[in-house]
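S.K.: Take this structure first; my questions come after.
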Amino acid sequence: MTETASIKILAEGLEKRYRSARGGEQVALTGVDLAVPAGELVCLVGPSGCGKTTLIKLMAGFETPTGGVLTIDGRPVAEPDPDHIMIFQDYGLFPWRTVFGNVLFGLEARGVPSDEAKARAQEALQLVGLCAAAYKHPHEISGGMKQRVAIARALAVEPSLLFMDEPFGALDAFTRMRLQDELLSLWQGKGSTIVFVTHDLDEAIALGQRVVLMAANPGRIQRIIDIDMPYPRERTDGDFAAYRHELFAEFHLLHEG
Amino acid sequence: MRRGLVHRLGMATLPVWILVLFGGVWGLIAQFYPPDQFPGPAAMARALIEVAMDGRLWTNTWISLVRFAGGYLLAVAVAVPLGLLLGRFGVLGRLFDPLIQVMRPISPIAWFPLAVLWFGIGNAPAIYIIYLAAFFPVLLTTIGAVRGIPEVYLKVAANFGADPRMTFLRVIVPAAFPGIMVGLHIAVGTAWIHLVAGEMLGAQSGLGYMIVDARNFLRTDLIMAGMLVIGLLGLAIYRGMRVLERAVGRYWGLGQ
């Protein structure tokens with residue numbers, strides 16, 4: 001296998017401009033060069049306005065770039081792809097469907113025969129530990145459970161690539177850390193590529209093999225840091241603190257004067 | 001304990017007291033007027049029993065309900081699909097918007113002369129008026145419901161590769177449904193209000209006709225009896241609709 005063959009996502013000189021209603025132009029993202037190898041868990045982190053959400057939307061095919069190159073598996077990204085599933089912060093669950101029905105949705109869209117779809121949905125629910133809640137509606141379960149359902153819905157269609165746009169941002173700190181750990185074990189079991197957007201530096205260090213630091217005005221990549229720590233990472237570890245210090249320094253969040 | 005029970009009984013019967021008070025004051029005032037100008041509750045009750053006994057009440061109520069159901073369901077059957085289309089396809093929505101905005105403020109009552117001209121006398125003009133009264137509330141709430149669907153639902157559908165048919169039937173329709181239900185509820189009210197007006201328009205039957213007929217014979221007591229029946233039936237339909245709305249809400253997993 002050559003070096004390029006294992007590249008999952010490739011961005012070169014990627015740029016996104018928005019035209020505002022008044023005719024002005026805003027540069028959301030400029031000069032982004034990034035290569036994500038297959039199977040990597042990479043975190044995009046930065047303050048609001050740094051273009052991290054724009055970047056993940058471009059990768060997921062919800063937006064089209066205004067410049068540069070963006071390919072996944074060597075093909076230019078043109079539209080959303082059922083093999084590349086996005087997980088949203090507000091879950092995107094259908095309130096009129098049960099938990100089970102929500103997990104079935106992607107399989108139905110793909111035309112998977114009913115019996116097989118049910119078995120796969122059941123399996124996916126098992127992975128996130130939600131079998132007991134299968135026949136509840138989304139409004140009856142907690143935020144953490146909702147996000148597990150969204151993850152199960154994605155896993156059911158066995159995507160090679162997962163995009164997660166601040167998926168745990170609306171959850172309390174305890175639930176967030178538990179879901180981070182669950183996500184890591186799912187990722188280690190499945191081996192899919194994950195692009196994870198967050199503004200939480202600790203979350204980025206806990207999850208990412210690499211952390212892509214982004215800066216605003218205009219949105220761009222500032223630095224890419226390899227997190228060289230084995231999983232599961234102890235959040236109270238000395239190494240963890242060192243990476244934390246490095247990231248804080250990079251974002252000028254240290255009070256050293 | 002006794003005091004608590006009395007209190008609870010008082011609270012439970014509170015709505016009845018205002019009716020008793022209303023009836024009392026009404027009866028008192030009626031004493032000062034000739035009965036064919038301002039009859040009291042007792043005269044109205046006698047008139048009600050009279051039409052109930054000779055069967056006029058039941059035939060007319062039945063005819064009114066059938067007309068109401070016809071006009072209302074016809075409006076729903078046209079307005080919901082049309083609203084889904086106009087809400088879903090922005091171009092169509094923009095195209096039809098001026099027409100809807102001009103037609104909407106026209107009271108169904110203003111359509112009376114045309115309704116009679118086109119449909120003659122009988123069931124058709126009454127049904128047409130009810131249809132018009134229900135049509136715009138349902139159409140506008142349906143359009144609004146579709147436009148108000150959270151973007152994330154459509155993104156999820158697109159992401160999982162749902163085709164346009166599946167997106168429309170399995171995402172847009174159910175997502176808009178609670179909003180449409182609100183429109184159906186509002187439309188029941190406006191359509192029922194226009195039922196009587198529609199039936200006063202040359203119809204030879206129905207509750208509206210019963211009132212017109214009573215007026216022609218100076219049966220003021222019977223006019224009031226007809227009004228009461230219309231009020232009670234309207235209330236019953238409205239309540240029934242609310243029960244239906246809640247049941248749908250539960251089925252849709254909207255809770256509460």
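Each chain in the structure tokens gets a letter, A, B, ..., in the order shown, and its residues are numbered from 1; ligands are numbered from 1 in order too.
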Could you list, with a cut-off of 8 Å and counting only C-alpha atoms, the residues of chain B near chain A, each shown with its nearest atom pair and the distance in Å rounded to one decimal, rows sorted by chain and ascending number, as JSON lines?
M.R.:
{"residue": "B:Val152", "atom": "CA", "partner": "A:Gly92", "partner_atom": "CA", "distance": 5.5}
{"residue": "B:Tyr153", "atom": "CA", "partner": "A:Gly92", "partner_atom": "CA", "distance": 5.7}
{"residue": "B:Lys155", "atom": "CA", "partner": "A:Phe62", "partner_atom": "CA", "distance": 7.8}
{"residue": "B:Val156", "atom": "CA", "partner": "A:Gly92", "partner_atom": "CA", "distance": 6.7}
{"residue": "B:Ala158", "atom": "CA", "partner": "A:Pro80", "partner_atom": "CA", "distance": 6.4}
{"residue": "B:Asn159", "atom": "CA", "partner": "A:Pro80", "partner_atom": "CA", "distance": 5.0}
{"residue": "B:Phe160", "atom": "CA", "partner": "A:Pro82", "partner_atom": "CA", "distance": 4.5}
{"residue": "B:Gly161", "atom": "CA", "partner": "A:Pro82", "partner_atom": "CA", "distance": 5.4}
{"residue": "B:Ala162", "atom": "CA", "partner": "A:Ala109", "partner_atom": "CA", "distance": 4.6}
{"residue": "B:Asp163", "atom": "CA", "partner": "A:Ala109", "partner_atom": "CA", "distance": 7.2}
{"residue": "B:Met166", "atom": "CA", "partner": "A:Ala109", "partner_atom": "CA", "distance": 7.4}
{"residue": "B:Val171", "atom": "CA", "partner": "A:Phe94", "partner_atom": "CA", "distance": 8.0}
{"residue": "B:Pro174", "atom": "CA", "partner": "A:Trp96", "partner_atom": "CA", "distance": 7.0}
{"residue": "B:Ala175", "atom": "CA", "partner": "A:Trp96", "partner_atom": "CA", "distance": 7.6}
{"residue": "B:Tyr251", "atom": "CA", "partner": "A:Trp96", "partner_atom": "CA", "distance": 7.3}
{"residue": "B:Trp252", "atom": "CA", "partner": "A:Trp96", "partner_atom": "CA", "distance": 4.2}
{"residue": "B:Gly253", "atom": "CA", "partner": "A:Trp96", "partner_atom": "CA", "distance": 5.0}
{"residue": "B:Leu254", "atom": "CA", "partner": "A:Pro95", "partner_atom": "CA", "distance": 6.6}
{"residue": "B:Gly255", "atom": "CA", "partner": "A:His139", "partner_atom": "CA", "distance": 6.7}
S.K.: Run DSSP on the backbone and tell me which residues of range 18-116 of chain A come out as alpha helix (DSSP H); list them as a ChimeraX atom specification.
M.R.: /A:52-60,99-109,114-116
S.K.: Print the selection's residues with N, CA and C atoms to a file, as a PDB file, in the first residue's frame.
M.R.:
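Result file selection37.pdb:
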ATOM      1  N   LYS A  52     -14.214  25.814  11.806  1.00  0.00           N
ATOM      2  CA  LYS A  52     -14.185  24.363  12.016  1.00  0.00           C
ATOM      3  C   LYS A  52     -15.484  23.705  11.571  1.00  0.00           C
ATOM      4  N   THR A  53     -16.603  24.377  11.856  1.00  0.00           N
ATOM      5  CA  THR A  53     -17.890  23.830  11.419  1.00  0.00           C
ATOM      6  C   THR A  53     -18.035  23.920   9.906  1.00  0.00           C
ATOM      7  N   THR A  54     -17.536  25.025   9.332  1.00  0.00           N
ATOM      8  CA  THR A  54     -17.552  25.148   7.865  1.00  0.00           C
ATOM      9  C   THR A  54     -16.755  24.018   7.234  1.00  0.00           C
ATOM     10  N   LEU A  55     -15.599  23.720   7.820  1.00  0.00           N
ATOM     11  CA  LEU A  55     -14.742  22.670   7.266  1.00  0.00           C
ATOM     12  C   LEU A  55     -15.434  21.317   7.295  1.00  0.00           C
ATOM     13  N   ILE A  56     -16.087  21.003   8.416  1.00  0.00           N
ATOM     14  CA  ILE A  56     -16.731  19.682   8.507  1.00  0.00           C
ATOM     15  C   ILE A  56     -17.955  19.616   7.600  1.00  0.00           C
ATOM     16  N   LYS A  57     -18.642  20.766   7.421  1.00  0.00           N
ATOM     17  CA  LYS A  57     -19.795  20.792   6.498  1.00  0.00           C
ATOM     18  C   LYS A  57     -19.336  20.583   5.059  1.00  0.00           C
ATOM     19  N   LEU A  58     -18.190  21.154   4.727  1.00  0.00           N
ATOM     20  CA  LEU A  58     -17.638  20.946   3.382  1.00  0.00           C
ATOM     21  C   LEU A  58     -17.320  19.473   3.177  1.00  0.00           C
ATOM     22  N   MET A  59     -16.665  18.887   4.198  1.00  0.00           N
ATOM     23  CA  MET A  59     -16.293  17.473   4.083  1.00  0.00           C
ATOM     24  C   MET A  59     -17.527  16.586   3.960  1.00  0.00           C
ATOM     25  N   ALA A  60     -18.599  16.953   4.687  1.00  0.00           N
ATOM     26  CA  ALA A  60     -19.806  16.126   4.676  1.00  0.00           C
ATOM     27  C   ALA A  60     -20.649  16.378   3.434  1.00  0.00           C
ATOM     28  N   VAL A  99     -37.007   5.276  19.252  1.00  0.00           N
ATOM     29  CA  VAL A  99     -35.556   5.104  19.196  1.00  0.00           C
ATOM     30  C   VAL A  99     -35.210   4.083  18.109  1.00  0.00           C
ATOM     31  N   PHE A 100     -35.907   2.962  18.145  1.00  0.00           N
ATOM     32  CA  PHE A 100     -35.665   1.901  17.168  1.00  0.00           C
ATOM     33  C   PHE A 100     -35.955   2.392  15.746  1.00  0.00           C
ATOM     34  N   GLY A 101     -37.077   3.100  15.600  1.00  0.00           N
ATOM     35  CA  GLY A 101     -37.452   3.638  14.295  1.00  0.00           C
ATOM     36  C   GLY A 101     -36.419   4.612  13.763  1.00  0.00           C
ATOM     37  N   ASN A 102     -35.846   5.404  14.646  1.00  0.00           N
ATOM     38  CA  ASN A 102     -34.804   6.342  14.237  1.00  0.00           C
ATOM     39  C   ASN A 102     -33.573   5.599  13.718  1.00  0.00           C
ATOM     40  N   VAL A 103     -33.203   4.533  14.434  1.00  0.00           N
ATOM     41  CA  VAL A 103     -32.019   3.770  14.016  1.00  0.00           C
ATOM     42  C   VAL A 103     -32.282   3.066  12.682  1.00  0.00           C
ATOM     43  N   LEU A 104     -33.559   2.698  12.469  1.00  0.00           N
ATOM     44  CA  LEU A 104     -33.925   2.034  11.218  1.00  0.00           C
ATOM     45  C   LEU A 104     -33.843   2.962  10.010  1.00  0.00           C
ATOM     46  N   PHE A 105     -33.986   4.282  10.257  1.00  0.00           N
ATOM     47  CA  PHE A 105     -34.170   5.225   9.149  1.00  0.00           C
ATOM     48  C   PHE A 105     -33.124   5.087   8.043  1.00  0.00           C
ATOM     49  N   GLY A 106     -31.863   5.078   8.457  1.00  0.00           N
ATOM     50  CA  GLY A 106     -30.797   5.027   7.466  1.00  0.00           C
ATOM     51  C   GLY A 106     -30.823   3.744   6.652  1.00  0.00           C
ATOM     52  N   LEU A 107     -31.212   2.656   7.319  1.00  0.00           N
ATOM     53  CA  LEU A 107     -31.277   1.365   6.633  1.00  0.00           C
ATOM     54  C   LEU A 107     -32.436   1.348   5.648  1.00  0.00           C
ATOM     55  N   GLU A 108     -33.562   1.971   6.052  1.00  0.00           N
ATOM     56  CA  GLU A 108     -34.714   2.064   5.150  1.00  0.00           C
ATOM     57  C   GLU A 108     -34.356   2.901   3.932  1.00  0.00           C
ATOM     58  N   ALA A 109     -33.649   4.006   4.183  1.00  0.00           N
ATOM     59  CA  ALA A 109     -33.268   4.892   3.077  1.00  0.00           C
ATOM     60  C   ALA A 109     -32.392   4.141   2.085  1.00  0.00           C
ATOM     61  N   SER A 114     -36.400  -5.500   5.218  1.00  0.00           N
ATOM     62  CA  SER A 114     -36.925  -5.244   6.555  1.00  0.00           C
ATOM     63  C   SER A 114     -36.311  -6.110   7.664  1.00  0.00           C
ATOM     64  N   ASP A 115     -36.237  -7.409   7.432  1.00  0.00           N
ATOM     65  CA  ASP A 115     -35.735  -8.295   8.490  1.00  0.00           C
ATOM     66  C   ASP A 115     -34.277  -8.003   8.819  1.00  0.00           C
ATOM     67  N   GLU A 116     -33.501  -7.840   7.761  1.00  0.00           N
ATOM     68  CA  GLU A 116     -32.081  -7.552   7.956  1.00  0.00           C
ATOM     69  C   GLU A 116     -31.911  -6.198   8.635  1.00  0.00           C
TER      70      GLU A 116
END
S.K.: Assign secondary structure with DSSP using the backbone only, and return the residues of range 4-84 of chain A in strand (DSSP E) as a PyMOL selection string.
M.R.: chain A and resi 7-19+25-37+41-45+67-72+75-76+84
S.K.: Mind pulling up the distance from CA of Val146 in chain B to CA of Ile172 in chain B?
M.R.: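 Spanning CA of Ile172 in chain B to CA of Val146 in chain B is a straight-line distance of 6.8 Å.
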S.K.: Of the candidates A:Gly189, A:Gly23, A:Gly129, A:Gly74, which one gets nearest to Leu10 in chain A if we count only C-alpha atoms?
M.R.: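 Checking each of A:Gly189, A:Gly23, A:Gly129, A:Gly74 against Leu10 in chain A, counting only C-alpha atoms, the winner is A:Gly74.
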S.K.: Residues at most 8 Å from Gln147 in chain A, counting only C-alpha atoms, excluding those fewer than 4 positions away in the same chain, as a list of chain:residue names?
M.R.: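 Listed by chain and then number, they are A:Tyr91, A:Gly143, A:Ile151, A:Pro167, A:Phe168.
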S.K.: Tell me, as an NGL selection string, which residues lie within 8 Å of Ile129 in chain B, counting only C-alpha atoms; anything in the same chain fewer than 4 positions away does not count.
M.R.: :B and (71 or 108-109 or 111-112 or 115 or 125 or 133 or 194-195 or 198)
S.K.: Can you tell me which residues surround range 215-219 of chain A at a distance of at most 7 Å, considering only C-alpha atoms, apart from same-chain residues fewer than 4 positions away, and format the answer as an MDAnalysis selection string?
M.R.: chainID A and resid 27:30 46:47 49:51
S.K.: Closest to Ile221 in chain A among A:Ala11, A:Leu247, A:Ala119, A:Val32, using only C-alpha atoms?
M.R.: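 For Ile221 in chain A, the nearest of the candidates is A:Val32.
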S.K.: Please list as a count of residues only every residue within 10 Å of Val173 in chain B, counting only C-alpha atoms and excluding residues in the same chain fewer than 3 positions away.
M.R.: 16
S.K.: To one decimal place in Å, what is the distance between CA of Arg147 in chain B and CA of Ile100 in chain B?
M.R.: 16.1 Å
